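Shown next, in structure tokens, is the structure this report addresses.
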2 protein chains.
Amino acid sequence: MGGQVFDTEGLVPMDREMTGMNTLFNPRSVAVIGASEKPTKLGFHVMKSLTEGGFPGTITPVNPTSKEIMGLKAAASIFDIPDGPDLAIVALPSRMVPGVFEECIAKGVKGIVLITAGFKEIEDPQGAVLHEQISEIVNKAQVPVIGPNTFGMINLRANLNASFTPEFSLVRKGRIGLVSQSGGMCHLICFLAMRERIGFSKIVGIGNRLNVDFEHMIEYLIEDQDTGVIALYLEGIDRPRQLYETARSLRGRKPIVAYKTGIGRLGDQASRSHTGSIAGRGELYSGAFGQAGVIEVRSAEELLDTAKALARFPVLSGNGVAVLSSQAGPGIAAADRCQKSDLSIAPFTEQTQARINEILPPLALRVNPVDMGPAWYDSEAVVGILKAVLRDKNVNGILLFMMFASANVDSIKSLSFLMEEGEPKKPLITCLSAPPGIWDEHIQRYEGAGVLVNYPTPERAAEAMVNLNRHRRLVL
Amino acid sequence: MGGQVFDTEGLVPMDREMTGMNTLFNPRSVAVIGASEKPTKLGFHVMKSLTEGGFPGTITPVNPTSKEIMGLKAAASIFDIPDGPDLAIVALPSRMVPGVFEECIAKGVKGIVLITAGFKEIEDPQGAVLHEQISEIVNKAQVPVIGPNTFGMINLRANLNASFTPEFSLVRKGRIGLVSQSGGMCHLICFLAMRERIGFSKIVGIGNRLNVDFEHMIEYLIEDQDTGVIALYLEGIDRPRQLYETARSLRGRKPIVAYKTGIGRLGDQASRSHTGSIAGRGELYSGAFGQAGVIEVRSAEELLDTAKALARFPVLSGNGVAVLSSQAGPGIAAADRCQKSDLSIAPFTEQTQARINEILPPLALRVNPVDMGPAWYDSEAVVGILKAVLRDKNVNGILLFMMFASANVDSIKSLSFLMEEGEPKKPLITCLSAPPGIWDEHIQRYEGAGVLVNYPTPERAAEAMVNLNRHRRLVL
């Protein structure tokens with residue numbers, strides 16, 4: 001798995017004009033070099049991913065000793081494949097990789113996913129020699145390589161699961177492009193996303209970066225029509241300046257969210273592993289991220305939470321937020337979070353305030369943040385307030401909280417008016433919470449229609465709004 | 001719902017020797033005053049909670065105009081109940097409450113849950129008058145009251161759901177006693193707990209505190225054999241000194257975790273609502289919590305995460321922690337968190353290190369934090385390392401991370417050796433993550449047997465360990 005860092009020596013940066021990235025992610029044909037029918041081999045799991053993932057193009061297992069793998073005719077060598085392949089996925093011992101790469105180039109392969117580990121990241125100097133050797137082969141031919149030491153990559157829109165984990169195909173299709181330096185963290189993030197029904201466009205384990213590094217992925221995903229938000233997980237990187245320059249030059253094109261670990265002394269030690277290339281530079285990274293317009297986050301959950309909000313609501317037009325809570329507590333918790341940030345709990349216009357005063361009795365807290373407690377069982381009151389606040393020119397984004405109780409089981413349905421109003425003009429970020437199975441279907445329907453994004457807690461909802469505002473300020 | 005704060009004027013502190021608390025939470029018979037068959041009435045939902053919750057004692061609906069409610073014979077008045085009731089749940093308009101309270105006392109009721117709102121928290125001064133009036137009645141008779149303005153309370157071990165939300169009965173039985181000032185937040189926390197299978201002993205919405213305040217609940221739960229950890233959600237309170245003195249005097253008896261909101265200017269404004277009793281004193285609270293040995297947390301999720309760890313592992317014998325990760329990334333993220341705290345990523349003993357060096361190849365990061373990447377598909381290696389570290393005298397707690405991939409689907413089973421080892425001597429806190437349905441059953445089995453506690457992310461697992469250590473230091 002990824003997470004190892006090697007020094008820059010010997011790394012030949014790719015030509016930025018390289019055109020192979022699109023074919024790498026959208027091949028018509030794929031060969032699995034090292035395909036296997038043995039579940040102990042990664043080549044088995046890669047075949048499973050491709051076939052079960054529903055890849056519509058040609059899949060050819062390459063194995064000199066098998067006639068057929070998973071019902072597909074095997075080729076003894078890549079030269080025995082009549083047409084293509086555009087993409088080669090390589091899962092063979094590292095010593096065999098130089099020869100395989102030469103063959104791939106000779107056969108006209110357009111992109112490679114190199115799952116194999118055992119290059120620069122190992123103590124044996126032979127690893128670094130191999131690394132340089134294979135770099136030269138692919139860089140000369142301008143063929144982009146994902147890896148080495150990666151689980152692979154997934155283009156969900158193309159039903160291409162070029163990884164050793166078939167379950168990545170269960171991730172929903174969506175607008176987040178994820179690029180991770182750690183396979184473990186990438187698996188974790190995607191499993192969380194499955195549970196929370198968050199959708200991705202592409203999932204890329206860049207591993208130990210032969211010639212496709214973070215900056216290349218950013219350049220590619222900025223142009224990628226399926227991707228609305230770019231999410232990065234980084235540990236230590238070799239060429240922070242290239243990442244910085246690329247992000248800064250593309251600043252404002254698409255939101256970029258980054259989670260950087262390895263900031264503590266030992267975490268850093270673990271991330272740089274044996275090569276000693278990068279020292280602990282958490283603060284340096286934070287400063288550079290800010291200047292480049294990248295939103296830095298502090299956990300895998302916050303990465304997902306933020307990307308999810310930005311995928312739906314990339315633009316917050318100002319820092320005025322309304323907090324509407326059917327019960328006081330969640331609103332108070334959210335107001336605390338907002339007030340620690342640059343968000344403003346905006347005073348309502350006179351018109352909005354008058355409308356709220358009509359709807360809520362005096363015993364309620366009717367100014368922003370609004371405690372709709374006394375209207376808790378009155379769905380029409382909640383809708384009336386929400387409609388007034390949606391129209392309020394002082395309000396740029398809305399936080400809405402409703403906790404289920406037996407007596408308000410149907411209140412969730414009252415939000416269906418949002419579906420008829422078409423594209424929401426302001427971010428509506430919610431925590432609508434109920435026991436499992438009671439509100440889930442409704443929430444999924446609203447989220448599916450794009451009228452709101454929902455979070456498990458009011459604090460996480462508020463932090464998502466805070467990060468929408470950070471994005472606004474970073475790219476102003 | 002809770003979340004309103006009233007000033008101290010007129011509040012008669014209860015006699016600390018009050019003996020009624022035990023009967024309040026463990027009544028043999030319950031009357032619902034204001035029981036109803038109409039789903040628009042809270043008295044309907046309370047009846048549903050009691051009957052569906054499986055309360056084994058007598059339930060009597062009290063309603064002068066109904067003969068029968070939910071299949072139970074109704075009493076026209078509390079005086080028509082032949083035996084008891086020990087507990088009266090009151091869900092009637094506030095103006096009727098003084099009369100009802102007089103009747104309850106005359107009938108010998110031992111405890112009351114007052115769901116009704118409309119006392120001190122409302123603008124109308126009549127609310128405060130009523131509040132004082134009913135306080136006098138119950139304080140004179142030394143009868144404890146949960147509320148007013150509460151959803152109620154639940155004693156899960158007694159199958160007593162004295163609330164208007166029947167779904168609270170779906171919360172698992174466990175060792176956490178939760179006391180919340182906000183009904184909305186309490187519902188939220190319990191819905192999260194349902195999804196994460198976290199168990200509670202008692203769930204109490206203390207509402208606007210007539211004569212049962214936080215300090216009384218702490219005193220009671222410290223003595224309660226079913227409760228191992230006390231979790232508090234607070235907004236603004238009237239008598240912070242009593243809470244402080246009580247917690248401090250009982251310091252070290254049981255872990256107490258507190259989440260205080262209303263610390264921002266507007267959050268505070270919202271929490272004190274109309275009465276202006278408490279100003280923003282976030283820092284004062286934090287200082288007092290620390291001195292009283294209370295672990296302060298910053299979100300509903302952290303409250304649950306921390307209580308869950310403390311319910312299983314109340315004692316961390318020192319600050320030495322081992323980080324074992326089957327993939328580098330999660331271990332690095334966790335090491336970052338540990339190093340921001342007083343935890344120490346402990347150097348292993350020579351014996352442990354020698355054993356790990358035997359098991360892992362040199363290309364792995366074999367010192368703490370250990371990257372078990374190269375042993376990722378080798379369950380025996382993981383078990384060997386874990387066993388060695390469990391025995392290491394330098395290690396007081398272990399963080400273990402394993403992310404599923406198709407090739408290591410069965411690695412979760414290798415942890416079953418823990419089940420044979422009996423009571424774990426050191427906290428084992430994990431993030432074992434897989435797509436939904438793949439590992440869940442195994443994780444639940446291990447958690448059920450008490451050999452580990454599992455979290456959705458490595459960061460949250462690490463923060464739980466950090467808070468175990470904060471507890472250790474607070475009560476040293």
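Chain labels A, B, ... are given in the sequence in which chains occur in the structure tokens; within each chain residues are numbered consecutively from 1, and ligands are likewise numbered from 1 in the order shown.
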
*List every residue of region 94-338 of chain B that DSSP, applied to the backbone, labels as helix (DSSP H, G or I), and write the result as an NGL selection string.*
:B and (94-107 or 125-140 or 156-158 or 166-170 or 183-196 or 214-223 or 240-249 or 265-272 or 282-291 or 300-312 or 328-338)

Kindly assemble as CSV a list of the chain A residues that lie within 6 Å of chain B, each paired with its nearest atom pair and their distance in Å to one decimal, using only C-alpha atoms, sorted first by chain and then by ascending residue number.
residue,atom,partner,partner_atom,distance
A:Gly3,CA,B:Ala328,CA,5.7
A:Ile122,CA,B:Leu363,CA,5.1
A:Glu123,CA,B:Leu363,CA,5.8
A:Thr165,CA,B:Ser406,CA,5.2
A:Ser182,CA,B:Gly329,CA,5.2
A:Gly184,CA,B:Gln327,CA,5.1
A:Met185,CA,B:Gly329,CA,5.5
A:Phe191,CA,B:Pro435,CA,5.0
A:Thr261,CA,B:Ala333,CA,5.5
A:Gly262,CA,B:Ile332,CA,5.7
A:Gly264,CA,B:Asp336,CA,4.7
A:Gly267,CA,B:Ile332,CA,4.6
A:Gln327,CA,B:Gly184,CA,5.1
A:Ala328,CA,B:Gly3,CA,5.7
A:Gly329,CA,B:Ser182,CA,5.2
A:Pro330,CA,B:Met185,CA,5.9
A:Ile332,CA,B:Gly267,CA,4.6
A:Ala333,CA,B:Thr261,CA,5.5
A:Ala335,CA,B:Gly267,CA,5.1
A:Asp336,CA,B:Gly264,CA,4.8
A:Leu363,CA,B:Ile122,CA,5.1
A:Met403,CA,B:Gly184,CA,5.9
A:Ala405,CA,B:Thr165,CA,5.4
A:Ser406,CA,B:Thr165,CA,5.1
A:Ala434,CA,B:Phe191,CA,5.9
A:Pro435,CA,B:Phe191,CA,5.0

*Shell of 7 Å around Gly34 (chain B), only C-alpha atoms, local chain residues under 6 positions omitted, as a PyMOL selection string*: chain B and resi 43+62-63+90-92

Go ahead and dump the residues you just picked, C-alpha atoms, as a compact mmCIF listing (two decimals), in the first residue's frame.
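Once written, out-v7.txt looks like this:
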# COMPACT_ATOMS: atom_id res chain seq x y z
CA GLY B 43 -50.04 11.80 26.33
CA VAL B 62 -55.51 8.86 33.71
CA ASN B 63 -58.14 10.70 31.69
CA VAL B 90 -47.70 14.51 33.62
CA ALA B 91 -48.58 15.76 30.13
CA LEU B 92 -51.28 18.37 30.70

*Using DSSP on the backbone coordinates, identify all residues within region 78-157 of chain B classified as strand (DSSP E or B); present the result as an NGL selection string.*
:B and (87-90 or 111-114 or 145-146 or 152-155)

*Name all residues at most 7 Å from Asp392 (chain B) (count only C-alpha atoms; drop same-chain ones fewer than 6 positions away) and give them as a PyMOL selection string.*
chain B and resi 348-349+352

Using the selection just defined, write its residues with N, CA and C atoms as a compact mmCIF listing (two decimals), in the first residue's frame.
# COMPACT_ATOMS: atom_id res chain seq x y z
N PHE B 348 9.06 0.17 22.17
CA PHE B 348 8.80 -1.19 22.65
C PHE B 348 9.99 -1.69 23.48
N THR B 349 9.72 -2.69 24.32
CA THR B 349 10.83 -3.37 25.00
C THR B 349 11.66 -4.13 23.96
N THR B 352 9.85 -7.25 22.70
CA THR B 352 8.78 -7.00 21.73
C THR B 352 9.38 -6.65 20.38

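Across the model, the gap from CA of Tyr455 (chain A) to CA of Arg175 (chain B) is 26.9 Å.
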
Can you pull out every residue within 10 Å of Pro144 (chain A), counting only C-alpha atoms, but drop anything in the same chain fewer than 2 positions away, and send it as a compact mmCIF listing (two decimals) with N, CA, C and O atoms, in the first residue's frame?
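Result file part12.txt:
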# COMPACT_ATOMS: atom_id res chain seq x y z
N MET A 14 7.24 14.44 -15.60
CA MET A 14 6.57 14.19 -16.88
C MET A 14 6.38 15.48 -17.65
O MET A 14 6.24 16.54 -17.08
N ASP A 15 6.30 15.34 -18.90
CA ASP A 15 5.91 16.46 -19.76
C ASP A 15 4.48 16.83 -19.41
O ASP A 15 3.58 16.00 -19.42
N MET A 18 1.53 16.01 -21.68
CA MET A 18 1.21 14.60 -21.88
C MET A 18 -0.30 14.38 -22.11
O MET A 18 -1.14 14.86 -21.37
N THR A 19 -0.61 13.66 -23.12
CA THR A 19 -2.01 13.53 -23.51
C THR A 19 -2.62 12.19 -23.10
O THR A 19 -3.80 11.95 -23.31
N GLY A 20 -1.76 11.34 -22.50
CA GLY A 20 -2.24 9.99 -22.25
C GLY A 20 -3.21 9.85 -21.08
O GLY A 20 -3.86 8.80 -20.94
N MET A 21 -3.37 10.89 -20.24
CA MET A 21 -4.18 10.76 -19.03
C MET A 21 -5.62 10.38 -19.35
O MET A 21 -6.24 9.58 -18.65
N ASN A 22 -6.15 10.97 -20.40
CA ASN A 22 -7.55 10.69 -20.72
C ASN A 22 -7.75 9.23 -21.11
O ASN A 22 -8.72 8.59 -20.69
N THR A 23 -6.80 8.70 -21.87
CA THR A 23 -6.90 7.29 -22.26
C THR A 23 -6.66 6.37 -21.06
O THR A 23 -7.31 5.34 -20.92
N LEU A 24 -5.74 6.78 -20.20
CA LEU A 24 -5.48 6.01 -18.97
C LEU A 24 -6.78 5.77 -18.19
O LEU A 24 -7.06 4.65 -17.75
N VAL A 109 0.78 0.41 -25.56
CA VAL A 109 -0.08 0.69 -24.40
C VAL A 109 -0.08 2.20 -24.10
O VAL A 109 0.96 2.85 -24.22
N LYS A 110 -1.27 2.75 -23.76
CA LYS A 110 -1.38 4.21 -23.54
C LYS A 110 -1.27 4.61 -22.07
O LYS A 110 -1.06 5.79 -21.77
N GLY A 111 -1.50 3.65 -21.17
CA GLY A 111 -1.42 3.96 -19.75
C GLY A 111 -1.21 2.68 -18.95
O GLY A 111 -1.56 1.59 -19.41
N ILE A 112 -0.62 2.84 -17.76
CA ILE A 112 -0.30 1.67 -16.93
C ILE A 112 -0.73 1.93 -15.48
O ILE A 112 -0.58 3.04 -14.97
N VAL A 113 -1.30 0.91 -14.86
CA VAL A 113 -1.49 0.92 -13.40
C VAL A 113 -0.51 -0.11 -12.84
O VAL A 113 -0.63 -1.30 -13.17
N SER A 135 11.14 4.16 -14.77
CA SER A 135 10.79 5.56 -15.04
C SER A 135 11.26 5.95 -16.43
O SER A 135 10.53 6.58 -17.20
N VAL A 138 9.03 4.52 -19.33
CA VAL A 138 7.71 5.12 -19.57
C VAL A 138 7.80 6.61 -19.85
O VAL A 138 6.99 7.15 -20.61
N ASN A 139 8.77 7.29 -19.26
CA ASN A 139 8.87 8.73 -19.51
C ASN A 139 9.30 9.01 -20.96
O ASN A 139 8.82 9.96 -21.59
N ALA A 141 8.59 7.23 -23.44
CA ALA A 141 7.43 6.97 -24.29
C ALA A 141 6.23 7.84 -23.93
O ALA A 141 5.19 7.77 -24.57
N GLN A 142 6.39 8.67 -22.88
CA GLN A 142 5.31 9.56 -22.43
C GLN A 142 4.04 8.78 -22.08
O GLN A 142 2.92 9.19 -22.42
N ILE A 146 0.03 5.03 -13.03
CA ILE A 146 -0.48 5.16 -11.66
C ILE A 146 0.25 4.12 -10.82
O ILE A 146 0.19 2.94 -11.12
N GLY A 147 0.95 4.55 -9.76
CA GLY A 147 1.74 3.65 -8.94
C GLY A 147 3.21 3.97 -9.10
O GLY A 147 3.54 5.04 -9.60
N LEU A 210 5.43 7.27 -9.94
CA LEU A 210 6.50 7.12 -10.92
C LEU A 210 6.54 8.38 -11.79
O LEU A 210 7.55 9.06 -11.86
N ASN A 211 5.44 8.70 -12.44
CA ASN A 211 5.39 9.93 -13.23
C ASN A 211 4.03 10.63 -13.19
O ASN A 211 3.83 11.64 -13.85
N VAL A 212 3.09 10.09 -12.39
CA VAL A 212 1.83 10.80 -12.17
C VAL A 212 1.78 11.18 -10.70
O VAL A 212 1.65 10.33 -9.82
N HIS A 216 -0.21 16.41 -11.42
CA HIS A 216 -0.78 15.90 -12.68
C HIS A 216 -2.24 15.53 -12.49
O HIS A 216 -3.08 15.77 -13.36

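Of the listed residues B:Pro64, B:Gly174, B:Pro361, B:Gly252, the one whose atoms come nearest to Gly450 (chain B) is B:Gly174, with distances taken using only C-alpha atoms.
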
*Would you mind listing what lies within 10 Å of Met47 (chain B) as a ChimeraX atom specification, with only C-alpha atoms counted and same-chain residues fewer than 4 positions away left out?*
/B:31-32,34-37,42-43,51-53,59-61,69-70,72,89,161-166

Could the residues in this selection be written to a file with N, CA, C and O atoms, as a short mmCIF file (atom, residue, chain, number, x, y, z; two decimals), in the first residue's frame?
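The result, written out as out-v4.cif:
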data_model
loop_
_atom_site.label_atom_id
_atom_site.label_comp_id
_atom_site.auth_asym_id
_atom_site.auth_seq_id
_atom_site.Cartn_x
_atom_site.Cartn_y
_atom_site.Cartn_z
N ALA B 31 -48.52 6.06 36.47
CA ALA B 31 -49.75 6.65 35.96
C ALA B 31 -49.38 7.73 34.95
O ALA B 31 -48.42 8.47 35.15
N VAL B 32 -50.15 7.78 33.84
CA VAL B 32 -49.93 8.82 32.83
C VAL B 32 -51.08 9.81 32.93
O VAL B 32 -52.21 9.50 32.52
N GLY B 34 -52.98 12.71 31.75
CA GLY B 34 -53.07 13.34 30.43
C GLY B 34 -52.91 12.32 29.33
O GLY B 34 -52.65 12.67 28.18
N ALA B 35 -53.07 11.03 29.67
CA ALA B 35 -53.01 9.97 28.65
C ALA B 35 -54.10 10.23 27.63
O ALA B 35 -55.17 10.75 27.94
N SER B 36 -53.81 9.85 26.39
CA SER B 36 -54.76 10.15 25.32
C SER B 36 -54.67 9.10 24.23
O SER B 36 -53.66 8.43 24.07
N GLU B 37 -55.77 8.98 23.50
CA GLU B 37 -55.74 8.10 22.32
C GLU B 37 -55.53 8.91 21.05
O GLU B 37 -55.53 8.36 19.96
N LEU B 42 -49.26 14.62 23.37
CA LEU B 42 -48.06 13.97 23.89
C LEU B 42 -48.42 12.79 24.78
O LEU B 42 -47.69 11.80 24.86
N GLY B 43 -49.58 12.89 25.47
CA GLY B 43 -50.04 11.80 26.33
C GLY B 43 -50.28 10.50 25.57
O GLY B 43 -50.20 9.41 26.15
N THR B 51 -46.10 1.27 26.96
CA THR B 51 -46.64 -0.05 26.62
C THR B 51 -45.71 -0.80 25.67
O THR B 51 -45.39 -1.96 25.89
N GLU B 52 -45.24 -0.11 24.63
CA GLU B 52 -44.35 -0.77 23.67
C GLU B 52 -42.98 -1.05 24.26
O GLU B 52 -42.27 -1.95 23.80
N GLY B 53 -42.59 -0.28 25.25
CA GLY B 53 -41.27 -0.45 25.87
C GLY B 53 -41.20 -1.66 26.78
O GLY B 53 -40.13 -2.01 27.27
N ILE B 59 -49.40 -0.01 34.49
CA ILE B 59 -49.51 1.27 33.77
C ILE B 59 -50.97 1.69 33.83
O ILE B 59 -51.86 0.94 33.40
N THR B 60 -51.23 2.88 34.35
CA THR B 60 -52.60 3.37 34.40
C THR B 60 -52.73 4.69 33.65
O THR B 60 -52.13 5.69 34.07
N PRO B 61 -53.49 4.72 32.55
CA PRO B 61 -53.78 6.00 31.91
C PRO B 61 -54.81 6.76 32.75
O PRO B 61 -55.79 6.16 33.21
N ILE B 69 -57.57 3.25 27.28
CA ILE B 69 -56.58 3.82 26.35
C ILE B 69 -55.53 2.76 26.05
O ILE B 69 -54.93 2.19 26.97
N MET B 70 -55.35 2.49 24.77
CA MET B 70 -54.40 1.45 24.32
C MET B 70 -54.62 0.12 25.05
O MET B 70 -53.66 -0.53 25.48
N LEU B 72 -55.77 -0.42 27.92
CA LEU B 72 -55.66 -0.38 29.39
C LEU B 72 -56.81 0.44 29.95
O LEU B 72 -57.15 1.49 29.44
N ILE B 89 -46.44 10.46 35.34
CA ILE B 89 -45.93 11.22 34.18
C ILE B 89 -47.03 12.20 33.81
O ILE B 89 -48.17 11.79 33.55
N ASN B 161 -39.77 3.28 29.75
CA ASN B 161 -39.63 4.40 28.83
C ASN B 161 -40.67 5.45 29.20
O ASN B 161 -41.80 5.43 28.73
N ALA B 162 -40.28 6.35 30.09
CA ALA B 162 -41.17 7.40 30.57
C ALA B 162 -40.94 8.67 29.76
O ALA B 162 -40.65 9.73 30.31
N SER B 163 -41.07 8.54 28.43
CA SER B 163 -40.83 9.66 27.54
C SER B 163 -41.88 9.68 26.44
O SER B 163 -42.63 8.72 26.28
N PHE B 164 -41.89 10.75 25.67
CA PHE B 164 -42.86 10.78 24.57
C PHE B 164 -42.28 10.24 23.26
O PHE B 164 -42.87 10.40 22.20
N THR B 165 -41.12 9.56 23.34
CA THR B 165 -40.51 8.98 22.13
C THR B 165 -40.32 7.47 22.31
O THR B 165 -39.34 7.03 22.92
N PRO B 166 -41.25 6.68 21.79
CA PRO B 166 -41.17 5.22 21.99
C PRO B 166 -39.86 4.63 21.49
O PRO B 166 -39.39 3.62 22.03
#

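Note that CA of Leu324 (chain B) and CA of Glu358 (chain B) are 15.9 Å apart.
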
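Within 6 Å of Ile230 (chain A), once only C-alpha atoms are used and residues closer than 6 positions along the same chain are dropped, the contacting residues are Ile176, Gly177 and Ile256 of chain A.
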
Using the selection just defined, write its residues with all heavy atoms as a PDB file, in the first residue's frame.
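Saved result, selection-v4.pdb, follows:
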ATOM      1  N   ILE A 176     -17.120  13.815  -6.805  1.00  0.00           N
ATOM      2  CA  ILE A 176     -15.858  13.989  -6.082  1.00  0.00           C
ATOM      3  C   ILE A 176     -14.756  13.154  -6.733  1.00  0.00           C
ATOM      4  O   ILE A 176     -14.933  11.955  -6.945  1.00  0.00           O
ATOM      5  CB  ILE A 176     -15.999  13.578  -4.598  1.00  0.00           C
ATOM      6  CG1 ILE A 176     -17.105  14.393  -3.914  1.00  0.00           C
ATOM      7  CG2 ILE A 176     -14.671  13.743  -3.861  1.00  0.00           C
ATOM      8  CD1 ILE A 176     -17.473  13.891  -2.525  1.00  0.00           C
ATOM      9  N   GLY A 177     -13.650  13.792  -7.052  1.00  0.00           N
ATOM     10  CA  GLY A 177     -12.462  13.074  -7.522  1.00  0.00           C
ATOM     11  C   GLY A 177     -11.485  12.959  -6.363  1.00  0.00           C
ATOM     12  O   GLY A 177     -11.043  13.973  -5.830  1.00  0.00           O
ATOM     13  N   ILE A 256     -10.698  22.548  -4.230  1.00  0.00           N
ATOM     14  CA  ILE A 256      -9.743  21.487  -3.872  1.00  0.00           C
ATOM     15  C   ILE A 256      -9.685  21.412  -2.342  1.00  0.00           C
ATOM     16  O   ILE A 256      -9.478  22.426  -1.677  1.00  0.00           O
ATOM     17  CB  ILE A 256      -8.335  21.774  -4.424  1.00  0.00           C
ATOM     18  CG1 ILE A 256      -8.380  21.959  -5.952  1.00  0.00           C
ATOM     19  CG2 ILE A 256      -7.369  20.655  -4.047  1.00  0.00           C
ATOM     20  CD1 ILE A 256      -7.026  22.335  -6.577  1.00  0.00           C
TER      21      ILE A 256
END

*Nearest to Ala449 (chain B) among B:Gln126, B:Gln242, B:Ser416, B:Thr150, with distances taken over only C-alpha atoms: which residue is it?*
B:Ser416
